[in-house]
Every structure is written in structure tokens, then in C-alpha cells.
>>> print(open('start-v3.tsv').read())   # TSV, C-alpha atoms
chain	number	residue	atom	x	y	z
A	1	MET	CA	17.09	-41.26	-31.01
A	2	SER	CA	20.27	-41.92	-29.08
A	3	LEU	CA	19.50	-45.61	-28.58
A	4	VAL	CA	19.80	-48.14	-31.37
A	5	LEU	CA	17.87	-50.82	-29.48
A	6	ASP	CA	14.41	-51.31	-30.98
A	7	PRO	CA	11.78	-49.34	-28.99
A	8	ALA	CA	9.66	-52.49	-28.54
A	9	ALA	CA	12.67	-54.18	-26.93
A	10	GLN	CA	13.22	-51.12	-24.71
A	11	ASP	CA	9.63	-51.43	-23.55
A	12	LEU	CA	9.82	-55.20	-23.04
A	13	LEU	CA	12.99	-55.09	-20.97
A	14	PHE	CA	12.71	-51.78	-19.11
A	15	ARG	CA	10.00	-49.22	-19.81
A	16	GLU	CA	6.91	-51.44	-19.66
A	17	ALA	CA	8.37	-54.17	-17.46
A	18	HIS	CA	7.36	-54.31	-13.81
A	19	THR	CA	8.19	-56.44	-10.83
A	20	ALA	CA	5.27	-58.88	-10.49
A	21	ASN	CA	3.64	-59.85	-7.23
A	22	ALA	CA	0.89	-62.04	-8.69
A	23	PHE	CA	0.95	-64.54	-11.54
A	24	THR	CA	-1.31	-66.56	-13.79
A	25	ASP	CA	-1.26	-70.38	-13.59
A	26	GLU	CA	0.63	-70.75	-16.85
A	27	PRO	CA	3.73	-72.86	-16.16
A	28	VAL	CA	7.27	-71.73	-16.89
A	29	THR	CA	8.84	-74.51	-18.92
A	30	GLU	CA	12.32	-75.97	-18.80
A	31	GLU	CA	12.73	-74.80	-22.41
A	32	GLN	CA	12.08	-71.21	-21.36
A	33	VAL	CA	14.64	-71.35	-18.56
A	34	GLN	CA	17.14	-72.94	-20.94
A	35	ALA	CA	16.55	-70.17	-23.49
A	36	ILE	CA	16.95	-67.51	-20.81
A	37	TYR	CA	20.22	-69.02	-19.63
A	38	ASP	CA	21.51	-69.47	-23.18
A	39	LEU	CA	21.02	-65.73	-23.70
A	40	VAL	CA	22.19	-64.21	-20.44
A	41	LYS	CA	25.19	-66.46	-19.92
A	42	TYR	CA	26.99	-64.05	-22.27
A	43	GLY	CA	26.67	-61.08	-19.91
A	44	PRO	CA	30.13	-59.92	-18.84
A	45	THR	CA	31.78	-60.71	-15.50
A	46	ALA	CA	35.31	-60.06	-14.24
A	47	PHE	CA	37.68	-62.65	-15.71
A	48	ASN	CA	34.54	-64.36	-17.04
A	49	GLN	CA	34.16	-65.84	-13.56
A	50	THR	CA	30.35	-66.29	-13.93
A	51	PRO	CA	29.78	-67.21	-10.25
A	52	LEU	CA	25.96	-67.22	-10.39
A	53	ARG	CA	24.32	-70.53	-9.51
A	54	ILE	CA	20.57	-71.09	-9.70
A	55	VAL	CA	18.27	-73.50	-7.86
A	56	LEU	CA	14.89	-73.93	-9.55
A	57	VAL	CA	12.32	-74.78	-6.90
A	58	ARG	CA	9.80	-76.94	-8.77
A	59	SER	CA	8.53	-79.60	-6.38
A	60	ALA	CA	5.73	-78.84	-3.93
A	61	GLU	CA	7.85	-80.20	-1.10
A	62	ALA	CA	10.79	-77.92	-1.90
A	63	ARG	CA	8.48	-74.95	-2.39
A	64	GLU	CA	7.09	-75.46	1.08
A	65	ARG	CA	10.56	-75.60	2.59
A	66	LEU	CA	11.49	-72.36	0.83
A	67	VAL	CA	8.33	-70.46	1.75
A	68	ALA	CA	9.03	-71.18	5.44
A	69	HIS	CA	12.19	-69.05	5.14
A	70	MET	CA	10.59	-66.15	3.27
A	71	ALA	CA	9.59	-62.90	4.99
A	72	GLU	CA	5.90	-62.91	5.78
A	73	GLY	CA	5.04	-60.39	3.08
A	74	ASN	CA	6.73	-62.58	0.46
A	75	GLN	CA	5.17	-65.91	1.42
A	76	ALA	CA	1.90	-65.81	-0.52
A	77	LYS	CA	3.46	-64.85	-3.83
A	78	THR	CA	6.33	-67.31	-3.40
A	79	SER	CA	3.77	-70.04	-2.72
A	80	THR	CA	1.81	-69.38	-5.88
A	81	ALA	CA	4.33	-68.24	-8.53
A	82	PRO	CA	4.62	-70.75	-11.40
A	83	LEU	CA	8.38	-70.96	-10.86
A	84	VAL	CA	10.69	-69.81	-8.08
A	85	ALA	CA	14.46	-69.55	-8.47
A	86	ILE	CA	17.08	-69.15	-5.75
A	87	LEU	CA	20.01	-67.11	-7.09
A	88	ALA	CA	23.32	-67.70	-5.30
A	89	ALA	CA	26.99	-66.78	-5.58
A	90	ASP	CA	29.53	-69.60	-5.79
A	91	ASN	CA	32.43	-68.53	-3.57
A	92	GLU	CA	34.58	-71.31	-4.99
A	93	PHE	CA	34.19	-70.17	-8.60
A	94	HIS	CA	37.97	-69.96	-8.91
A	95	GLU	CA	38.20	-73.70	-9.46
A	96	GLU	CA	36.68	-73.22	-12.94
A	97	LEU	CA	38.64	-70.08	-13.73
A	98	PRO	CA	41.47	-71.62	-15.78
A	99	THR	CA	38.79	-73.12	-18.05
A	100	LEU	CA	36.58	-70.04	-18.09
A	101	PHE	CA	39.37	-67.53	-18.71
A	102	PRO	CA	42.03	-69.38	-20.69
A	103	ALA	CA	43.68	-66.08	-21.69
A	104	PHE	CA	45.02	-65.65	-18.15
A	105	PRO	CA	44.87	-68.89	-16.14
A	106	GLN	CA	47.13	-67.37	-13.46
A	107	ALA	CA	44.19	-65.23	-12.27
A	108	LYS	CA	43.03	-68.13	-10.10
A	109	ASP	CA	46.09	-68.02	-7.86
A	110	LEU	CA	47.06	-64.39	-8.37
A	111	PHE	CA	43.75	-62.77	-7.39
A	112	PHE	CA	41.55	-65.45	-5.86
A	113	ALA	CA	43.75	-67.55	-3.60
A	114	GLU	CA	42.06	-66.13	-0.48
A	115	ARG	CA	38.43	-66.78	0.37
A	116	PRO	CA	37.56	-63.14	1.31
A	117	ALA	CA	38.71	-61.95	-2.12
A	118	ARG	CA	36.62	-64.68	-3.72
A	119	GLU	CA	33.55	-63.80	-1.67
A	120	ALA	CA	33.77	-60.14	-2.62
A	121	ALA	CA	34.24	-60.92	-6.31
A	122	ALA	CA	31.52	-63.60	-6.32
A	123	GLY	CA	29.07	-61.26	-4.59
A	124	LEU	CA	29.58	-58.46	-7.10
A	125	ASN	CA	29.73	-60.59	-10.22
A	126	ALA	CA	26.85	-62.89	-9.28
A	127	ALA	CA	24.78	-59.74	-8.68
A	128	LEU	CA	25.61	-58.55	-12.20
A	129	GLN	CA	24.47	-61.94	-13.47
A	130	ALA	CA	21.31	-61.77	-11.36
A	131	ALA	CA	20.45	-58.56	-13.20
A	132	TYR	CA	21.16	-60.21	-16.56
A	133	PHE	CA	18.88	-63.06	-15.46
A	134	ILE	CA	16.04	-60.66	-14.61
A	135	ILE	CA	16.48	-59.07	-18.07
A	136	GLY	CA	16.43	-62.57	-19.56
A	137	VAL	CA	13.19	-63.45	-17.81
A	138	ARG	CA	11.67	-60.36	-19.39
A	139	ALA	CA	13.18	-61.30	-22.76
A	140	ALA	CA	11.15	-64.52	-22.50
A	141	GLY	CA	7.96	-62.49	-22.15
A	142	LEU	CA	7.71	-63.31	-18.46
A	143	ALA	CA	7.72	-61.15	-15.37
A	144	ALA	CA	10.22	-61.43	-12.52
A	145	GLY	CA	9.55	-60.76	-8.86
A	146	PRO	CA	13.00	-60.52	-7.25
A	147	MET	CA	13.04	-60.60	-3.43
A	148	THR	CA	15.71	-60.14	-0.80
A	149	GLY	CA	13.28	-60.53	2.10
A	150	PHE	CA	14.11	-64.02	3.39
A	151	ASP	CA	16.21	-65.74	6.04
A	152	ALA	CA	19.48	-66.09	4.15
A	153	THR	CA	21.04	-68.50	6.63
A	154	GLY	CA	17.93	-70.69	6.52
A	155	VAL	CA	17.82	-70.75	2.71
A	156	GLN	CA	21.54	-71.48	2.56
A	157	LYS	CA	21.25	-74.42	4.98
A	158	GLU	CA	18.15	-75.77	3.30
A	159	PHE	CA	19.14	-75.53	-0.37
A	160	LEU	CA	22.84	-74.66	-0.67
A	161	ASP	CA	26.08	-75.24	1.25
A	162	ASP	CA	28.82	-73.23	2.95
A	163	ASP	CA	30.36	-72.29	-0.38
A	164	HIS	CA	27.19	-70.78	-1.86
A	165	THR	CA	25.70	-67.50	-0.64
A	166	PRO	CA	22.06	-66.79	-1.54
A	167	LEU	CA	21.60	-63.36	-3.19
A	168	MET	CA	17.90	-63.28	-3.93
A	169	VAL	CA	14.82	-65.36	-4.63
A	170	VAL	CA	12.96	-64.64	-7.87
A	171	ASN	CA	9.33	-65.45	-8.61
A	172	ILE	CA	8.79	-66.02	-12.33
A	173	GLY	CA	5.67	-66.26	-14.47
A	174	LYS	CA	3.10	-64.43	-16.52
A	175	PRO	CA	1.83	-61.46	-14.51
A	176	GLY	CA	-1.65	-61.99	-13.09
A	177	GLU	CA	-4.35	-59.55	-12.05
A	178	GLY	CA	-3.05	-56.72	-9.88
A	179	ALA	CA	0.48	-58.03	-10.41
A	180	SER	CA	2.35	-54.76	-10.08
A	181	TYR	CA	2.25	-51.56	-8.08
A	182	PRO	CA	2.14	-48.23	-9.90
A	183	ARG	CA	5.61	-47.23	-11.12
A	184	SER	CA	7.59	-45.60	-8.30
A	185	PRO	CA	9.48	-42.40	-9.07
A	186	ARG	CA	13.06	-42.54	-10.30
A	187	LEU	CA	15.91	-40.21	-9.47
A	188	ALA	CA	16.64	-37.44	-11.97
A	189	TYR	CA	19.75	-37.70	-14.15
A	190	ASP	CA	21.47	-34.92	-12.21
A	191	ASP	CA	20.84	-36.66	-8.88
A	192	VAL	CA	22.64	-39.75	-10.08
A	193	ILE	CA	25.26	-38.59	-12.57
A	194	THR	CA	27.99	-36.02	-12.07
A	195	THR	CA	30.68	-35.01	-14.53
A	196	VAL	CA	34.27	-34.16	-13.69
B	1	MET	CA	11.60	-69.88	-29.96
B	2	SER	CA	11.19	-69.56	-26.22
B	3	LEU	CA	12.25	-65.90	-26.18
B	4	VAL	CA	9.98	-63.12	-27.38
B	5	LEU	CA	12.78	-60.53	-27.53
B	6	ASP	CA	13.68	-59.74	-31.13
B	7	PRO	CA	16.76	-61.78	-32.20
B	8	ALA	CA	18.54	-58.60	-33.33
B	9	ALA	CA	18.09	-57.20	-29.83
B	10	GLN	CA	19.38	-60.47	-28.33
B	11	ASP	CA	22.49	-60.11	-30.48
B	12	LEU	CA	22.96	-56.43	-29.68
B	13	LEU	CA	22.68	-56.88	-25.92
B	14	PHE	CA	24.17	-60.33	-25.34
B	15	ARG	CA	25.12	-62.68	-28.16
B	16	GLU	CA	27.22	-60.37	-30.33
B	17	ALA	CA	28.22	-57.92	-27.60
B	18	HIS	CA	31.74	-58.08	-26.22
B	19	THR	CA	33.72	-56.29	-23.55
B	20	ALA	CA	35.85	-53.75	-25.44
B	21	ASN	CA	39.48	-53.02	-24.70
B	22	ALA	CA	40.10	-50.56	-27.55
B	23	PHE	CA	37.92	-47.82	-28.97
B	24	THR	CA	37.58	-45.49	-31.94
B	25	ASP	CA	37.91	-41.72	-31.42
B	26	GLU	CA	34.16	-41.14	-31.80
B	27	PRO	CA	32.94	-39.23	-28.73
B	28	VAL	CA	30.19	-40.47	-26.43
B	29	THR	CA	27.76	-37.58	-26.13
B	30	GLU	CA	25.82	-36.30	-23.16
B	31	GLU	CA	22.63	-37.14	-25.09
B	32	GLN	CA	23.69	-40.77	-25.34
B	33	VAL	CA	24.39	-41.02	-21.60
B	34	GLN	CA	21.07	-39.35	-20.87
B	35	ALA	CA	19.25	-41.82	-23.14
B	36	ILE	CA	21.02	-44.75	-21.48
B	37	TYR	CA	20.04	-43.49	-18.02
B	38	ASP	CA	16.47	-42.78	-19.08
B	39	LEU	CA	16.17	-46.42	-20.13
B	40	VAL	CA	18.00	-48.30	-17.40
B	41	LYS	CA	16.70	-46.27	-14.48
B	42	TYR	CA	13.63	-48.52	-14.68
B	43	GLY	CA	15.56	-51.68	-13.81
B	44	PRO	CA	14.29	-53.11	-10.52
B	45	THR	CA	15.99	-52.72	-7.15
B	46	ALA	CA	14.83	-53.66	-3.64
B	47	PHE	CA	12.36	-51.04	-2.38
B	48	ASN	CA	13.27	-49.06	-5.51
B	49	GLN	CA	16.34	-47.92	-3.60
B	50	THR	CA	18.36	-47.26	-6.81
B	51	PRO	CA	21.68	-46.67	-4.99
B	52	LEU	CA	23.87	-46.46	-8.11
B	53	ARG	CA	25.73	-43.19	-8.57
B	54	ILE	CA	27.87	-42.42	-11.61
B	55	VAL	CA	30.82	-40.09	-12.12
B	56	LEU	CA	31.54	-39.34	-15.78
B	57	VAL	CA	35.23	-38.63	-16.16
B	58	ARG	CA	35.36	-36.18	-19.07
B	59	SER	CA	38.18	-33.69	-18.41
B	60	ALA	CA	41.77	-34.57	-19.25
B	61	GLU	CA	42.81	-33.59	-15.75
B	62	ALA	CA	40.28	-35.92	-14.08
B	63	ARG	CA	41.14	-38.72	-16.50
B	64	GLU	CA	44.79	-38.46	-15.51
B	65	ARG	CA	43.89	-38.64	-11.82
B	66	LEU	CA	41.77	-41.74	-12.44
B	67	VAL	CA	44.33	-43.56	-14.58
B	68	ALA	CA	46.87	-43.24	-11.76
B	69	HIS	CA	44.63	-45.48	-9.63
B	70	MET	CA	43.95	-48.12	-12.29
B	71	ALA	CA	45.79	-51.45	-12.37
B	72	GLU	CA	48.65	-51.35	-14.84
B	73	GLY	CA	46.88	-53.54	-17.38
B	74	ASN	CA	43.88	-51.19	-17.39
B	75	GLN	CA	45.75	-47.90	-17.73
B	76	ALA	CA	46.18	-47.68	-21.50
B	77	LYS	CA	42.54	-48.36	-22.32
B	78	THR	CA	41.28	-46.11	-19.56
B	79	SER	CA	43.50	-43.32	-20.93
B	80	THR	CA	42.13	-43.60	-24.44
B	81	ALA	CA	38.45	-44.59	-24.12
B	82	PRO	CA	36.11	-41.83	-25.37
B	83	LEU	CA	34.29	-41.85	-22.04
B	84	VAL	CA	35.04	-43.37	-18.64
B	85	ALA	CA	32.45	-43.77	-15.89
B	86	ILE	CA	33.02	-44.56	-12.22
B	87	LEU	CA	30.09	-46.60	-10.88
B	88	ALA	CA	29.55	-46.33	-7.13
B	89	ALA	CA	27.07	-47.40	-4.44
B	90	ASP	CA	25.49	-44.69	-2.28
B	91	ASN	CA	25.47	-46.11	1.25
B	92	GLU	CA	23.17	-43.30	2.37
B	93	PHE	CA	20.47	-44.09	-0.19
B	94	HIS	CA	17.94	-44.45	2.61
B	95	GLU	CA	17.55	-40.68	2.81
B	96	GLU	CA	15.67	-40.76	-0.51
B	97	LEU	CA	13.71	-43.91	0.28
B	98	PRO	CA	10.44	-42.31	1.45
B	99	THR	CA	10.33	-40.47	-1.89
B	100	LEU	CA	11.48	-43.42	-3.97
B	101	PHE	CA	9.18	-45.99	-2.37
B	102	PRO	CA	6.09	-44.10	-1.24
B	103	ALA	CA	4.15	-47.37	-0.86
B	104	PHE	CA	6.13	-48.20	2.29
B	105	PRO	CA	7.98	-45.18	3.70
B	106	GLN	CA	8.67	-47.06	6.95
B	107	ALA	CA	11.31	-49.13	5.10
B	108	LYS	CA	13.87	-46.41	5.75
B	109	ASP	CA	13.80	-46.88	9.52
B	110	LEU	CA	12.65	-50.48	9.64
B	111	PHE	CA	15.34	-52.02	7.43
B	112	PHE	CA	18.02	-49.40	6.85
B	113	ALA	CA	18.57	-47.63	10.15
B	114	GLU	CA	22.01	-49.26	10.51
B	115	ARG	CA	24.91	-48.53	8.20
B	116	PRO	CA	26.02	-52.18	7.73
B	117	ALA	CA	22.52	-53.09	6.47
B	118	ARG	CA	22.65	-50.12	4.10
B	119	GLU	CA	26.10	-51.05	2.80
B	120	ALA	CA	25.02	-54.62	2.08
B	121	ALA	CA	21.84	-53.50	0.31
B	122	ALA	CA	23.60	-50.71	-1.60
B	123	GLY	CA	26.34	-53.09	-2.74
B	124	LEU	CA	23.90	-55.66	-4.09
B	125	ASN	CA	21.42	-53.25	-5.64
B	126	ALA	CA	24.01	-50.91	-7.16
B	127	ALA	CA	25.59	-54.00	-8.73
B	128	LEU	CA	22.23	-54.89	-10.30
B	129	GLN	CA	22.07	-51.33	-11.63
B	130	ALA	CA	25.65	-51.56	-12.91
B	131	ALA	CA	24.56	-54.53	-15.00
B	132	TYR	CA	21.52	-52.60	-16.29
B	133	PHE	CA	23.91	-49.76	-17.18
B	134	ILE	CA	26.18	-52.09	-19.16
B	135	ILE	CA	23.09	-53.37	-21.02
B	136	GLY	CA	22.09	-49.74	-21.61
B	137	VAL	CA	25.49	-48.88	-23.07
B	138	ARG	CA	24.99	-51.73	-25.52
B	139	ALA	CA	21.45	-50.55	-26.24
B	140	ALA	CA	23.03	-47.28	-27.39
B	141	GLY	CA	25.15	-49.18	-29.93
B	142	LEU	CA	28.26	-48.69	-27.83
B	143	ALA	CA	30.63	-51.14	-26.18
B	144	ALA	CA	31.40	-51.25	-22.48
B	145	GLY	CA	34.67	-52.25	-20.88
B	146	PRO	CA	33.87	-52.80	-17.19
B	147	MET	CA	36.89	-53.09	-14.88
B	148	THR	CA	37.35	-53.94	-11.22
B	149	GLY	CA	41.15	-53.70	-11.39
B	150	PHE	CA	41.83	-50.41	-9.62
B	151	ASP	CA	42.76	-49.04	-6.20
B	152	ALA	CA	39.30	-48.67	-4.69
B	153	THR	CA	40.47	-46.59	-1.74
B	154	GLY	CA	42.35	-44.25	-4.06
B	155	VAL	CA	39.39	-43.82	-6.41
B	156	GLN	CA	37.05	-43.25	-3.50
B	157	LYS	CA	39.30	-40.56	-2.00
B	158	GLU	CA	39.91	-38.89	-5.34
B	159	PHE	CA	36.36	-38.84	-6.76
B	160	LEU	CA	33.85	-39.84	-4.07
B	161	ASP	CA	33.45	-39.61	-0.30
B	162	ASP	CA	33.07	-41.91	2.71
B	163	ASP	CA	29.43	-42.57	1.85
B	164	HIS	CA	30.08	-43.79	-1.70
B	165	THR	CA	31.81	-47.10	-2.46
B	166	PRO	CA	33.24	-47.55	-5.96
B	167	LEU	CA	32.06	-50.77	-7.64
B	168	MET	CA	33.67	-50.61	-11.05
B	169	VAL	CA	35.09	-48.33	-13.71
B	170	VAL	CA	33.60	-48.65	-17.20
B	171	ASN	CA	35.24	-47.60	-20.46
B	172	ILE	CA	32.63	-46.64	-23.06
B	173	GLY	CA	32.80	-46.04	-26.79
B	174	LYS	CA	32.64	-47.57	-30.25
B	175	PRO	CA	34.87	-50.65	-30.33
B	176	GLY	CA	38.12	-50.08	-32.22
B	177	GLU	CA	40.44	-52.48	-33.98
B	178	GLY	CA	41.25	-55.58	-31.91
B	179	ALA	CA	38.78	-54.38	-29.28
B	180	SER	CA	37.77	-57.75	-27.92
B	181	TYR	CA	39.26	-61.12	-27.12
B	182	PRO	CA	37.73	-64.26	-28.61
B	183	ARG	CA	34.61	-65.31	-26.68
B	184	SER	CA	35.59	-67.27	-23.56
B	185	PRO	CA	33.68	-70.49	-22.81
B	186	ARG	CA	30.54	-70.38	-20.68
B	187	LEU	CA	29.37	-72.92	-18.13
B	188	ALA	CA	26.82	-75.47	-19.32
B	189	TYR	CA	23.23	-75.16	-18.13
B	190	ASP	CA	23.60	-78.19	-15.86
B	191	ASP	CA	26.70	-76.75	-14.20
B	192	VAL	CA	24.80	-73.62	-13.18
B	193	ILE	CA	21.19	-74.67	-12.72
B	194	THR	CA	19.83	-77.42	-10.48
B	195	THR	CA	16.19	-78.31	-9.90
B	196	VAL	CA	14.64	-79.40	-6.62
>>> encode(input="start-v3.tsv", output="C-alpha cells")
Amino acid sequence: MSLVLDPAAQDLLFREAHTANAFTDEPVTEEQVQAIYDLVKYGPTAFNQTPLRIVLVRSAEARERLVAHMAEGNQAKTSTAPLVAILAADNEFHEELPTLFPAFPQAKDLFFAERPAREAAAGLNAALQAAYFIIGVRAAGLAAGPMTGFDATGVQKEFLDDDHTPLMVVNIGKPGEGASYPRSPRLAYDDVITTV
Amino acid sequence: MSLVLDPAAQDLLFREAHTANAFTDEPVTEEQVQAIYDLVKYGPTAFNQTPLRIVLVRSAEARERLVAHMAEGNQAKTSTAPLVAILAADNEFHEELPTLFPAFPQAKDLFFAERPAREAAAGLNAALQAAYFIIGVRAAGLAAGPMTGFDATGVQKEFLDDDHTPLMVVNIGKPGEGASYPRSPRLAYDDVITTV
């Protein structure tokens, strides 16, 4: 075996894990979200900038406001998932950078003085953290249903501000009946990886 | 415990894992890269678009060409890492979409007919896959050193084409002496996560 990760962990995080489109009623607790964050916060980002910000949509009133901005095909599952999280990139992450990356506090002014540079970095690095978060949801024995089908401007106005760009909305819970589609094919190694 | 993932796996993938800046001489084999890909290819992307493409820089000649485009502070480690991978987004991923997402073959024309929409989707989803890849490197008992400090236009011209956007360059190997900096601080739960 070329992997040292325990096969059960491989299954839990990747091989047996599926995007869920239906969930049981079992709630997702604050303790579970805390445990997920306490694990995945260690995932690497450039200059440790960690620009991901998360809005947990727990109240019925907020859920309704969110569902109104989801694509039609995503509305039913977003209405009924035990927990829904809005994942966003903080384009003003540089304010925390001297604290987050004490080894090189100059990075804030040297690389991130301009907003376009910050937006590009926040978009990439928050996406890395979104993937870590999905892995973390699975590490908690839950299923994630990440979605990009929503009105981004609407979600931003409703739940965020001009400095925070929504990346995705994630339904979270225990998978219910008929939760996942059959596994779609994946590209072969040689279609993805070339050697020079 | 709110996580069901084995604590040893939590340590391997997140808690004890560090970005490496120095490596031992031990090679990274083709079998290891294959095993990493065979695991992380299952990580979710929108419409299963899986736009990540990887160039493994193995020859001394190619390594030299790559190092010339790295930021000065990244040159020494990129010269000496056992393996270096260029991670890129395929902006023409939609060509494979009817095969990759047979449940909804219309997605290709409905959502991805225009190049800007493809670039945005490829950037986000290849970044998710880059994070899965970093997790996969760690699952193989190796350390990753992801870097965004390089001349993207130069790397694209040298190793890719107009349809492939480089996202990051990753050094891979067993961590050597002084490989990692002390752990930088992370944001507190309440600084990242709000509830509505």
C-alpha cells in the first residue's frame, strides 16, 4: 500500500463519501461544528491567511431568506437539511495577517496592499479551506452537500457585506434515503497527470 | 468526541501535518502519486467537473525551467524537493462534462457555454481539488509545500497552454531537518463562524 492513512479513514473521507441531497432529521450540533473547525483550521493557506468565513443558517427565518436565493433545483434540499452553511471569502483578510503570520508581518503591505490582489488570494485560499471544511464534515461522520447554484449577489446582500464574497452553500447532516446519486466516473490518471 | 475520524488520521492529515520547506533525499514514486490520485479523485466538485490538471516535474531540465519562474524565496526548496507538481485549472473542462456528469449532460451548454463562466468554475473547483491533493499527499505519509509565489504567466507559457491556468506549485517529499516553521496561530471559532 502506498498510502499510510488507515483504509477506514480513506473510505470515510473519500472512497465511500458522497455528496448528499437528502438528510435525516438528526440535528447537527454546535459541538460538531466546533470539532470540525478545530480540526480543519490547520489546513494550509498562503501566508496562513485563512480567509474563509462561515455563516451557519440555523433560524427558520434566515433559512427562508437563504432558500429564496437558491437555484430552483437546490431549494428543497436547502430547506430541509439539518444545517446549512454559507462559505465566504474575506477580502480584507490582510488586516489579521501580521497576527496570523508573525514570521513575515510585511506580507500585509508587500503583497496585499491592493484589493484585486487580496480578492484573488482570498478566492483561492478560501476555496482550499472550503475543501478542508467538506473533509471535516465527513470526519464528523456527516455528509456534505456543497452547492454553487445560487444568486451570489443576493446571498451577499442578505447575509454578508461588500468585503465578503460567497463561494458556496453547504447542506450538512446525516444522509437520508436516496441521499446520493450513483458515483459518477472519474478521469483516468493519464488524463489528469503528465510528467515532464 | 464529536469526530468519528480516527485521532491518528486527524493528526496525520491536519493536527500534526505541516507545510514543509526542506526534504530528505527519499524519492516520491510513481506508485505513490498514483495512490494519491486514486484516493483524492473522489473529492466532490460542481457537476463532477474535476478541472484539476497536474504536471509532475521530474526531469532535471524541466526542474531548472520551473525554478527560473519561482519567487526567489521559493527557488532553493523547489530545486531540491524530491518531487514538484504544478497544479492547474483546465478552463476547457466542459468538453468532458457529458461523460463526467451523465445525470445532466445539458450542463455543458446550459452553464458553461461561455469562457468566463468556465474560468470561474474551473478556478474554484480546481482549488477544491488542490486541497484534496494536499490532503492526499499527507495521506501518503509525505509532506506538501504548496506555493503561490511564482510567475504565473511564465509557468503557463513554459509548461501549460492558454486553456490551463496555474494555481500553485507543490513541493512533495519526506520532511527534512528544519522542514517546518513553528505552527502559526489560527483564528478563533467566533472570529470565523457566525450563526443567524
>>> atom_distance(input="start-v3.tsv", atom1="CA of Ala117 (chain B)", atom2="CA of Gly154 (chain A)")
18.2 Å
>>> atom_distance(input="start-v3.tsv", atom1="CA of Ile193 (chain A)", atom2="CA of Ala76 (chain B)")
24.5 Å
>>> closest_residue(input="start-v3.tsv", among="A:Asp162, A:Asp25, A:Glu30, A:Glu92", to="chain B", atoms="all atoms listed in the file")
A:Glu30
>>> residues_near_point(input="start-v3.tsv", point="(14.0, -69.6, 3.8)", cutoff="9 Å", atoms="all atoms listed in the file", output="ChimeraX atom specification")
/A:65-71,150-159
>>> write_last_selection(input="start-v3.tsv", atoms="C-alpha atoms", output="PDB file, keeping the file's coordinate frame")
ATOM      1  CA  ARG A  65      10.560 -75.600   2.590  1.00  0.00           C
ATOM      2  CA  LEU A  66      11.490 -72.360   0.830  1.00  0.00           C
ATOM      3  CA  VAL A  67       8.330 -70.460   1.750  1.00  0.00           C
ATOM      4  CA  ALA A  68       9.030 -71.180   5.440  1.00  0.00           C
ATOM      5  CA  HIS A  69      12.190 -69.050   5.140  1.00  0.00           C
ATOM      6  CA  MET A  70      10.590 -66.150   3.270  1.00  0.00           C
ATOM      7  CA  ALA A  71       9.590 -62.900   4.990  1.00  0.00           C
ATOM      8  CA  PHE A 150      14.110 -64.020   3.390  1.00  0.00           C
ATOM      9  CA  ASP A 151      16.210 -65.740   6.040  1.00  0.00           C
ATOM     10  CA  ALA A 152      19.480 -66.090   4.150  1.00  0.00           C
ATOM     11  CA  THR A 153      21.040 -68.500   6.630  1.00  0.00           C
ATOM     12  CA  GLY A 154      17.930 -70.690   6.520  1.00  0.00           C
ATOM     13  CA  VAL A 155      17.820 -70.750   2.710  1.00  0.00           C
ATOM     14  CA  GLN A 156      21.540 -71.480   2.560  1.00  0.00           C
ATOM     15  CA  LYS A 157      21.250 -74.420   4.980  1.00  0.00           C
ATOM     16  CA  GLU A 158      18.150 -75.770   3.300  1.00  0.00           C
ATOM     17  CA  PHE A 159      19.140 -75.530  -0.370  1.00  0.00           C
TER      18      PHE A 159
END
>>> residues_around(input="start-v3.tsv", residues="region 95-111 of chain A", least_positions_apart="6", cutoff="9 Å", atoms="all atoms listed in the file", output="list of chain:residue names")
A:Phe47, A:Asn48, A:Gln49, A:Thr50, A:Ala117, A:Arg118, B:Tyr181, B:Ser184, B:Pro185, B:Arg186, B:Leu187
>>> residues_around(input="start-v3.tsv", residues="region 7-23 of chain A", least_positions_apart="4", cutoff="7 Å", atoms="all atoms listed in the file", output="list of chain:residue names")
A:Lys77, A:Ala81, A:Ile135, A:Arg138, A:Ala139, A:Ala143, A:Ala144, A:Gly145, A:Gly173, A:Lys174, A:Pro175, A:Gly176, A:Glu177, A:Gly178, A:Ala179, A:Ser180, B:Leu5, B:Ala9, B:Leu39, B:Val40, B:Tyr42, B:Gly43, B:Pro44
>>> closest_residue(input="start-v3.tsv", among="A:Thr24, A:Thr194, A:Gln75, A:Thr165", to="chain B", atoms="all atoms listed in the file")
A:Thr194
>>> residues_around(input="start-v3.tsv", residues="Arg58 (chain B)", least_positions_apart="2", cutoff="12 Å", atoms="all atoms listed in the file", output="PyMOL selection string")
(chain A and resi 194-196) or (chain B and resi 27-30+55-56+60-66+78-86+171-172)
>>> residues_near_point(input="start-v3.tsv", point="(31.0, -59.3, -7.8)", cutoff="12 Å", atoms="all atoms listed in the file", output="JSON, numbers by chain")
{"A": [44, 45, 46, 47, 48, 49, 50, 51, 52, 88, 89, 90, 91, 93, 116, 117, 118, 119, 120, 121, 122, 123, 124, 125, 126, 127, 128, 129, 130, 131, 167], "B": [123, 124, 125, 126, 127, 128, 130, 131, 146, 147, 148, 167, 168]}
>>> closest_residue(input="start-v3.tsv", among="B:Ala113, B:Val33, B:Ile54, B:Ile134", to="chain A", atoms="all atoms listed in the file")
B:Ile54
>>> atom_distance(input="start-v3.tsv", atom1="CA of Leu3 (chain A)", atom2="CA of Gln32 (chain A)")
27.6 Å
>>> axis_aligned_box(input="start-v3.tsv", around="region 179-185 of chain B", padding_each_side="8 Å", output="JSON")
{"center_x": 36.5, "center_y": -62.4, "center_z": -26.0, "size_x": 21.6, "size_y": 32.1, "size_z": 22.5}
>>> closest_residue(input="start-v3.tsv", among="B:Val170, B:Arg183, B:His94, B:Arg115", to="chain A", atoms="only C-alpha atoms")
B:Arg183
